[in-house]
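Novice: There's a structure below that I have some questions on.
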Amino acid sequence: MNRINYWAVGAAAVVTLVASAVYYLVFGGVWASLRGVPTAAPQPWELAGQLGRNLIEVLVMAVLLSRFQIRTRRQALGFGLLVWLGFQAMTIAGSVLHESYPVGLYVLHVGDALMTTLLLVLILSTWRRGRPAAGGPGHDGQRVVQTDPLRVKTAGRTFGPE
């Protein structure tokens, strides 16, 4: 895992945090009415916890995209959609089925999960085409081809785990 593009992981974690914040600003009134509580600004510890959660989610997705050899944005979007449907949407559906979780809140939360999952796979699948960090392979004027967030190929040599 030492060849993961950590800049892309960090950027995707922050972008998804901001996107979710905007999503809930737009739908905050709906969220509050469905929960029966007034809206309140999140506490700093909640934002830090969510950022940590996002970092783990994005890092795992980067590893999965690599292991399943997802190479294009289209493949990444399809994979992200499957992950969202099979894991995120179905996990929350369990709460609707077994814990009387309101269907409206379910729709609201899975909408956010879908948006953030598709954003993060787009960022990861796009940023993998970038150059490695300064001092890494390719900074001696050689052409660099990076098709995998874990592996970098330059001058016929490949760096990173198999």
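Lettering and numbering for the structure tokens are positional, with chains as A, B, ... in the shown order, residues counted from 1 in each chain, and ligands counted from 1 in the shown order.
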Skipping near chain neighbours, those fewer than 2 positions away, what residues fall within 12 Å of Trp31 (chain A) using only C-alpha atoms, listed as JSON, numbers by chain?
Specialist: {"A": [23, 24, 25, 26, 27, 28, 29, 33, 34, 35, 36, 37, 38, 39, 40, 102, 103, 104, 105, 106, 107, 108, 109, 112]}
Novice: Tell me which protein, DNA and RNA residues are within 10 Å of Asn54 (chain A), counting only C-alpha atoms, leaving out same-chain ones fewer than 3 positions away, and put them as a list in words.
Specialist: Val9, Gly10, Ala12, Ala13, Val14, Val15, Thr16, Leu17, Ala48, Gly49, Gln50, Leu51, Glu57, Val58, Leu59, Val60, Thr116 and Leu120 of chain A
Novice: Just the selected residues (C-alpha atoms), exported as a short mmCIF file (atom, residue, chain, number, x, y, z; two decimals), in the first residue's frame, please.
Specialist:
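again12.cif was written with the following content:
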```
data_model
loop_
_atom_site.label_atom_id
_atom_site.label_comp_id
_atom_site.auth_asym_id
_atom_site.auth_seq_id
_atom_site.Cartn_x
_atom_site.Cartn_y
_atom_site.Cartn_z
CA VAL A 9 -7.16 10.12 -0.84
CA GLY A 10 -6.93 13.28 1.28
CA ALA A 12 -11.40 13.00 -1.86
CA ALA A 13 -11.98 12.83 1.91
CA VAL A 14 -12.18 16.63 2.16
CA VAL A 15 -14.27 17.05 -1.00
CA THR A 16 -16.80 14.48 0.21
CA LEU A 17 -16.97 16.18 3.62
CA ALA A 48 -13.22 15.64 12.78
CA GLY A 49 -14.85 12.24 13.25
CA GLN A 50 -16.55 12.45 9.87
CA LEU A 51 -13.28 13.45 8.19
CA GLU A 57 -13.64 4.96 3.35
CA VAL A 58 -11.59 6.61 0.58
CA LEU A 59 -8.44 4.65 1.43
CA VAL A 60 -10.34 1.35 1.31
CA THR A 116 -20.14 11.02 -1.98
CA LEU A 120 -14.69 9.82 -4.39
#
```
Novice: Applying 9 Å and only C-alpha atoms, which residues near Thr117 (chain A) remain after dropping the ones on its own chain fewer than 2 positions away? List them as a PyMOL selection string.
Specialist: chain A and resi 16+58+77+80-81+83-84+112-115+119-122
Novice: With a distance cut-off of 12 Å and only C-alpha atoms, select the neighbouring residues of Leu85 (chain A), excluding the residue or stretch itself and same-chain residues fewer than 3 positions from it, and output the selection as a count of residues only.
Specialist: 17
Novice: Which one of A:Leu47, A:Leu65, A:Gln75, A:His98 sits closest to Ala21 (chain A) if you count only C-alpha atoms?
Specialist: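 Among the listed residues, the smallest separation from Ala21 (chain A) belongs to A:Leu47.
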Novice: Quick one: distance from CA of Glu46 (chain A) to CA of Val30 (chain A) in Å, one decimal?
Specialist: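 CA of Glu46 (chain A) sits 20.4 Å away from CA of Val30 (chain A).
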Novice: Tell me, in Å to one decimal, how far CA of Leu55 (chain A) is from CA of Ala11 (chain A).
Specialist: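 Pair CA of Leu55 (chain A) / CA of Ala11 (chain A) returns 9.3 Å.
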Novice: How many Å lie between CA of Gln43 (chain A) and CA of Phe87 (chain A), rounded to one decimal?
Specialist: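 Rounded to one decimal, the two atoms are 27.4 Å apart.
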Novice: Quick one: DSSP helix (DSSP H, G or I) residues in region 44-140 of chain A, as a ChimeraX atom specification?
Specialist: /A:44-67,73-99,103-127
Novice: Go ahead and write the selection's residues with C-alpha atoms as a PDB file, in the first residue's frame.
Specialist:
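out-v8.pdb, written as the output of this step:
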```pdb
ATOM      1  CA  PRO A  44     -15.988  20.342  15.801  1.00  0.00           C
ATOM      2  CA  TRP A  45     -15.504  16.782  17.096  1.00  0.00           C
ATOM      3  CA  GLU A  46     -18.288  15.590  14.760  1.00  0.00           C
ATOM      4  CA  LEU A  47     -16.551  17.156  11.758  1.00  0.00           C
ATOM      5  CA  ALA A  48     -13.218  15.640  12.783  1.00  0.00           C
ATOM      6  CA  GLY A  49     -14.854  12.240  13.253  1.00  0.00           C
ATOM      7  CA  GLN A  50     -16.547  12.455   9.870  1.00  0.00           C
ATOM      8  CA  LEU A  51     -13.284  13.446   8.186  1.00  0.00           C
ATOM      9  CA  GLY A  52     -11.591  10.427   9.783  1.00  0.00           C
ATOM     10  CA  ARG A  53     -14.433   8.203   8.599  1.00  0.00           C
ATOM     11  CA  ASN A  54     -14.114   9.647   5.089  1.00  0.00           C
ATOM     12  CA  LEU A  55     -10.350   9.032   5.062  1.00  0.00           C
ATOM     13  CA  ILE A  56     -10.850   5.359   5.913  1.00  0.00           C
ATOM     14  CA  GLU A  57     -13.637   4.964   3.351  1.00  0.00           C
ATOM     15  CA  VAL A  58     -11.585   6.606   0.575  1.00  0.00           C
ATOM     16  CA  LEU A  59      -8.435   4.650   1.428  1.00  0.00           C
ATOM     17  CA  VAL A  60     -10.344   1.351   1.312  1.00  0.00           C
ATOM     18  CA  MET A  61     -11.917   2.356  -1.994  1.00  0.00           C
ATOM     19  CA  ALA A  62      -8.465   3.199  -3.436  1.00  0.00           C
ATOM     20  CA  VAL A  63      -7.248  -0.276  -2.477  1.00  0.00           C
ATOM     21  CA  LEU A  64     -10.362  -1.935  -3.951  1.00  0.00           C
ATOM     22  CA  LEU A  65     -10.094   0.005  -7.213  1.00  0.00           C
ATOM     23  CA  SER A  66      -6.507  -1.151  -7.494  1.00  0.00           C
ATOM     24  CA  ARG A  67      -7.105  -4.778  -6.533  1.00  0.00           C
ATOM     25  CA  ARG A  73     -13.794   6.580 -14.845  1.00  0.00           C
ATOM     26  CA  ARG A  74     -16.688   4.586 -16.256  1.00  0.00           C
ATOM     27  CA  GLN A  75     -15.499   1.410 -14.540  1.00  0.00           C
ATOM     28  CA  ALA A  76     -14.938   3.361 -11.323  1.00  0.00           C
ATOM     29  CA  LEU A  77     -18.451   4.826 -11.428  1.00  0.00           C
ATOM     30  CA  GLY A  78     -19.950   1.377 -12.019  1.00  0.00           C
ATOM     31  CA  PHE A  79     -17.912  -0.083  -9.174  1.00  0.00           C
ATOM     32  CA  GLY A  80     -18.867   2.808  -6.887  1.00  0.00           C
ATOM     33  CA  LEU A  81     -22.530   2.296  -7.723  1.00  0.00           C
ATOM     34  CA  LEU A  82     -22.269  -1.406  -6.849  1.00  0.00           C
ATOM     35  CA  VAL A  83     -20.489  -0.664  -3.569  1.00  0.00           C
ATOM     36  CA  TRP A  84     -23.134   1.929  -2.702  1.00  0.00           C
ATOM     37  CA  LEU A  85     -26.044  -0.362  -3.540  1.00  0.00           C
ATOM     38  CA  GLY A  86     -24.648  -3.554  -2.033  1.00  0.00           C
ATOM     39  CA  PHE A  87     -23.216  -2.114   1.159  1.00  0.00           C
ATOM     40  CA  GLN A  88     -24.269   1.432   2.010  1.00  0.00           C
ATOM     41  CA  ALA A  89     -27.881   1.395   0.786  1.00  0.00           C
ATOM     42  CA  MET A  90     -28.529  -2.132   2.078  1.00  0.00           C
ATOM     43  CA  THR A  91     -26.961  -1.478   5.484  1.00  0.00           C
ATOM     44  CA  ILE A  92     -29.253   1.474   6.095  1.00  0.00           C
ATOM     45  CA  ALA A  93     -32.199  -0.513   4.664  1.00  0.00           C
ATOM     46  CA  GLY A  94     -31.716  -2.962   7.518  1.00  0.00           C
ATOM     47  CA  SER A  95     -32.526  -0.162   9.943  1.00  0.00           C
ATOM     48  CA  VAL A  96     -35.722   0.607   8.010  1.00  0.00           C
ATOM     49  CA  LEU A  97     -36.767  -3.038   8.107  1.00  0.00           C
ATOM     50  CA  HIS A  98     -35.849  -3.880  11.686  1.00  0.00           C
ATOM     51  CA  GLU A  99     -35.710  -0.638  13.673  1.00  0.00           C
ATOM     52  CA  VAL A 103     -38.122   5.761   4.959  1.00  0.00           C
ATOM     53  CA  GLY A 104     -37.697   9.496   4.300  1.00  0.00           C
ATOM     54  CA  LEU A 105     -34.492   9.573   6.357  1.00  0.00           C
ATOM     55  CA  TYR A 106     -33.334   6.456   4.528  1.00  0.00           C
ATOM     56  CA  VAL A 107     -33.798   8.178   1.163  1.00  0.00           C
ATOM     57  CA  LEU A 108     -32.060  11.310   2.428  1.00  0.00           C
ATOM     58  CA  HIS A 109     -29.034   9.438   3.796  1.00  0.00           C
ATOM     59  CA  VAL A 110     -28.575   7.034   0.888  1.00  0.00           C
ATOM     60  CA  GLY A 111     -28.769  10.010  -1.484  1.00  0.00           C
ATOM     61  CA  ASP A 112     -25.827  11.564   0.341  1.00  0.00           C
ATOM     62  CA  ALA A 113     -23.974   8.237   0.359  1.00  0.00           C
ATOM     63  CA  LEU A 114     -24.495   7.825  -3.391  1.00  0.00           C
ATOM     64  CA  MET A 115     -23.279  11.352  -4.116  1.00  0.00           C
ATOM     65  CA  THR A 116     -20.141  11.016  -1.976  1.00  0.00           C
ATOM     66  CA  THR A 117     -19.292   7.522  -3.231  1.00  0.00           C
ATOM     67  CA  LEU A 118     -19.487   8.607  -6.858  1.00  0.00           C
ATOM     68  CA  LEU A 119     -17.453  11.746  -6.107  1.00  0.00           C
ATOM     69  CA  LEU A 120     -14.692   9.817  -4.390  1.00  0.00           C
ATOM     70  CA  VAL A 121     -14.352   7.190  -7.141  1.00  0.00           C
ATOM     71  CA  LEU A 122     -14.238   9.965  -9.745  1.00  0.00           C
ATOM     72  CA  ILE A 123     -11.453  11.717  -7.843  1.00  0.00           C
ATOM     73  CA  LEU A 124      -9.480   8.497  -7.328  1.00  0.00           C
ATOM     74  CA  SER A 125      -9.895   7.331 -10.924  1.00  0.00           C
ATOM     75  CA  THR A 126      -8.965  10.743 -12.326  1.00  0.00           C
ATOM     76  CA  TRP A 127      -6.019  11.552 -10.055  1.00  0.00           C
TER      77      TRP A 127
END
```
